[in-house]
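Encoded as structure tokens, the structure appears first; notes follow it.
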Amino acid sequence: MIQAKNKTLIKQSYSAEIKNMFLMFSEYLLKIATERETSLKRKDFEELLKIAVDNLSFVDSGSVLMSDEDGYFYYVAAYNHSYDILDKIRYSPEEVYMRRFKRVYVMKHRIVDLLKELAAKLGEDEEVIIEKFKDKIESINNIKAFISIPIRYQRRIIGFFNLDTWNDEEIFEKTGFESVAEMIGDLLSIAVERFELVRTVKEKNVEIDRMRLFDSLTYLPNKKFLVNYFEKYCEISKRLSSKLYMICFDIKDLETINRVYGFEVGDEVLKKLSKTLSKSIRRSDVLARVGGDEFAVLSLSKEAPFAIQKRIEENLVQLSRKLGVELKLQMGIVEYGIDGKDFDSLLTKAQERAYKKVIEIKETTHTV
């Protein structure tokens, strides 16, 4: 009865400082999580450790372990410890295996010989470690117990927030701090989840933006992509004293192919044609699908790119023979500054010229 009463009194005597610390801890973490989108950094963990150590009379030092992509744990922050030593230590996933659903762990110094563990990690004898790092290991040797708070992401432990006591190895149980430590773990896990969610959303948005710039059938850049590059190529042409040309291609009989053989065949023709066009241009040229059966190229050259036109004609003969389809390709070439100075006017002019001249590929068969 008396012992139970003493335990209650001890908890009550520490409750005010624990409550104050938790309030400061949660406010700081909330501020980070709402004011920025980047994940928790070393300075953030150091500040959180400082808040805990400076405002809890029974906590004297602390550290934070986080896992890398391979699952190995390493120290990312420490307070009242020499980080120079901790920075050299790594733990394999097997070494830090914990029960999956346990929310906090209290480790006693008599259970874990910290100096022996440190010596093993640094590849030295314990006596050598004591002599070599005697000023830096004092805080580690002082630890009577520490409470390790798992940080979880998607139900997987990715880190530990550790707080140490140098005086009484039973203090975490006596003060009732374990329940508060569980809430600290929840807050840290929520913050990590939030930052990971933001990162994932950003990556998905970048992927979506990239997809918006590419044609879903041919995987070539689309018109929007070409418009974005147009201004860049205008500037490059001025710097290099080169001429900027736009070439427009149109498949005249695609509708006939779709009607006779079906849209699936028409799509296959477009895919193979896009590959043929890609092989016919230079690496510095930008090819895009700008319409249903229209393609356009931006090309920097000292003179009109008739060589590209010739290669396309030759490759189209081979493609026509391979597919067994009569292809008629319309092609128009315009020059920036002569035929127009904006993208739309150049594309319109190139299309007009393309429709005036039809290149007929005479290699034909009756099957696809």
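If you're wondering about the labels, chains in the structure tokens are A, B, ... by order shown, residues count from 1 in each chain, ligands from 1 in order shown.
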
Residue neighbourhood Gly292 (chain A), 10 Å, only C-alpha atoms, exclusion window fewer than 6 positions, as a ChimeraX atom specification: /A:250-251,254,270

Contact residues around Glu303 (chain A) with only C-alpha atoms at 12 Å, ignoring same-chain residues under 6 positions, as a ChimeraX atom specification: /A:241-245,333-335

Please write the residues from the selection above to a file, keeping all heavy atoms, as an mmCIF file, in the first residue's frame.
data_model
loop_
_atom_site.group_PDB
_atom_site.id
_atom_site.type_symbol
_atom_site.label_atom_id
_atom_site.label_comp_id
_atom_site.auth_asym_id
_atom_site.auth_seq_id
_atom_site.Cartn_x
_atom_site.Cartn_y
_atom_site.Cartn_z
ATOM 1 N N SER A 241 24.495 31.031 -84.493
ATOM 2 C CA SER A 241 24.371 31.607 -85.844
ATOM 3 C C SER A 241 23.885 30.554 -86.837
ATOM 4 O O SER A 241 24.332 30.497 -87.989
ATOM 5 C CB SER A 241 25.716 32.197 -86.307
ATOM 6 O OG SER A 241 26.129 33.219 -85.431
ATOM 7 N N SER A 242 22.985 29.698 -86.381
ATOM 8 C CA SER A 242 22.394 28.669 -87.239
ATOM 9 C C SER A 242 20.962 29.059 -87.578
ATOM 10 O O SER A 242 20.365 29.931 -86.949
ATOM 11 C CB SER A 242 22.400 27.309 -86.538
ATOM 12 O OG SER A 242 23.716 26.878 -86.301
ATOM 13 N N LYS A 243 20.423 28.377 -88.561
ATOM 14 C CA LYS A 243 19.034 28.598 -88.936
ATOM 15 C C LYS A 243 18.161 27.536 -88.268
ATOM 16 O O LYS A 243 18.588 26.399 -88.097
ATOM 17 C CB LYS A 243 18.881 28.523 -90.456
ATOM 18 C CG LYS A 243 19.660 29.605 -91.196
ATOM 19 C CD LYS A 243 19.551 29.422 -92.696
ATOM 20 C CE LYS A 243 20.374 30.484 -93.431
ATOM 21 N NZ LYS A 243 20.318 30.302 -94.908
ATOM 22 N N LEU A 244 16.967 27.953 -87.903
ATOM 23 C CA LEU A 244 16.028 27.031 -87.274
ATOM 24 C C LEU A 244 14.925 26.686 -88.268
ATOM 25 O O LEU A 244 14.260 27.573 -88.802
ATOM 26 C CB LEU A 244 15.423 27.657 -86.012
ATOM 27 C CG LEU A 244 14.339 26.830 -85.297
ATOM 28 C CD1 LEU A 244 14.897 25.481 -84.846
ATOM 29 C CD2 LEU A 244 13.776 27.598 -84.102
ATOM 30 N N TYR A 245 14.754 25.391 -88.505
ATOM 31 C CA TYR A 245 13.751 24.929 -89.457
ATOM 32 C C TYR A 245 12.698 24.089 -88.736
ATOM 33 O O TYR A 245 12.985 23.417 -87.731
ATOM 34 C CB TYR A 245 14.391 24.073 -90.557
ATOM 35 C CG TYR A 245 15.340 24.836 -91.445
ATOM 36 C CD1 TYR A 245 16.703 24.880 -91.160
ATOM 37 C CD2 TYR A 245 14.879 25.508 -92.575
ATOM 38 C CE1 TYR A 245 17.587 25.579 -91.976
ATOM 39 C CE2 TYR A 245 15.750 26.202 -93.403
ATOM 40 C CZ TYR A 245 17.102 26.239 -93.098
ATOM 41 O OH TYR A 245 17.978 26.938 -93.910
ATOM 42 N N ILE A 333 8.595 22.220 -95.308
ATOM 43 C CA ILE A 333 9.714 22.775 -94.542
ATOM 44 C C ILE A 333 9.595 24.295 -94.504
ATOM 45 O O ILE A 333 9.379 24.935 -95.535
ATOM 46 C CB ILE A 333 11.071 22.383 -95.159
ATOM 47 C CG1 ILE A 333 11.213 20.861 -95.208
ATOM 48 C CG2 ILE A 333 12.224 22.983 -94.352
ATOM 49 C CD1 ILE A 333 12.482 20.399 -95.906
ATOM 50 N N VAL A 334 9.735 24.879 -93.304
ATOM 51 C CA VAL A 334 9.718 26.346 -93.164
ATOM 52 C C VAL A 334 10.919 26.774 -92.333
ATOM 53 O O VAL A 334 11.491 25.982 -91.577
ATOM 54 C CB VAL A 334 8.418 26.836 -92.502
ATOM 55 C CG1 VAL A 334 7.220 26.619 -93.410
ATOM 56 C CG2 VAL A 334 8.208 26.161 -91.155
ATOM 57 N N GLU A 335 11.282 28.047 -92.466
ATOM 58 C CA GLU A 335 12.437 28.593 -91.758
ATOM 59 C C GLU A 335 12.011 29.702 -90.814
ATOM 60 O O GLU A 335 11.257 30.609 -91.186
ATOM 61 C CB GLU A 335 13.464 29.133 -92.756
ATOM 62 C CG GLU A 335 14.727 29.682 -92.106
ATOM 63 C CD GLU A 335 15.704 30.259 -93.123
ATOM 64 O OE1 GLU A 335 15.627 29.870 -94.315
ATOM 65 O OE2 GLU A 335 16.534 31.106 -92.722
#

Residue list (strand (DSSP E), DSSP) for region 216-337 of chain A, as a list in words: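 Selecting the strand (DSSP E) positions of region 216-337 of chain A gives Lys243, Leu244, Tyr245, Met246, Ile247, Cys248, Phe249, Asp250, Ile251, Val286, Leu287, Ala288, Arg289, Glu294, Phe295, Ala296, Val297, Leu298, Ser299, Leu300, Ser301, Lys328, Leu329, Gln330, Met331, Gly332, Ile333, Val334 and Glu335 of chain A.
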
For Phe25 (chain A), the nearest of the candidates A:Asp60, A:Glu124, A:Asp70, A:Asp54, counting only C-alpha atoms: A:Asp54

Non-local contacts of Gly266 (chain A) (8 Å; only C-alpha atoms; under 5 positions in same chain excluded) as a list in words: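 Counting only C-alpha atoms, the residues come to Leu254, Ile257, Asn258 and Tyr261 of chain A.
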
Nearest candidate to Ser345 (chain A) (options A:Glu268, A:Arg194, A:Ile32, A:Val227; using only C-alpha atoms):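 Residue with the minimum atom-to-atom distance to Ser345 (chain A): A:Val227.
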
Top pick for closest residue to Ile85 (chain A), considering A:Lys341, A:Arg36, A:Lys136, A:Lys272 and counting only C-alpha atoms: A:Lys136

Within 8 Å of region 38-41 of chain A using only C-alpha atoms, minus same-chain residues under 4 positions, as number ranges by chain: A: 45, 192, 195-196, 199

Using the selection just defined, write its residues with N, CA and C atoms as a compact mmCIF listing (two decimals), in the first residue's frame.
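Contents of the output file part.txt:
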# COMPACT_ATOMS: atom_id res chain seq x y z
N PHE A 45 16.11 16.76 -35.57
CA PHE A 45 16.22 15.75 -34.52
C PHE A 45 17.04 16.27 -33.34
N VAL A 192 6.76 11.69 -40.20
CA VAL A 192 7.47 10.97 -41.27
C VAL A 192 6.50 10.58 -42.37
N PHE A 195 5.65 13.69 -44.47
CA PHE A 195 6.71 14.10 -45.38
C PHE A 195 6.85 13.11 -46.54
N GLU A 196 6.71 11.81 -46.25
CA GLU A 196 6.79 10.81 -47.31
C GLU A 196 5.62 10.95 -48.28
N ARG A 199 6.38 13.85 -50.51
CA ARG A 199 7.39 13.46 -51.50
C ARG A 199 6.77 12.61 -52.60
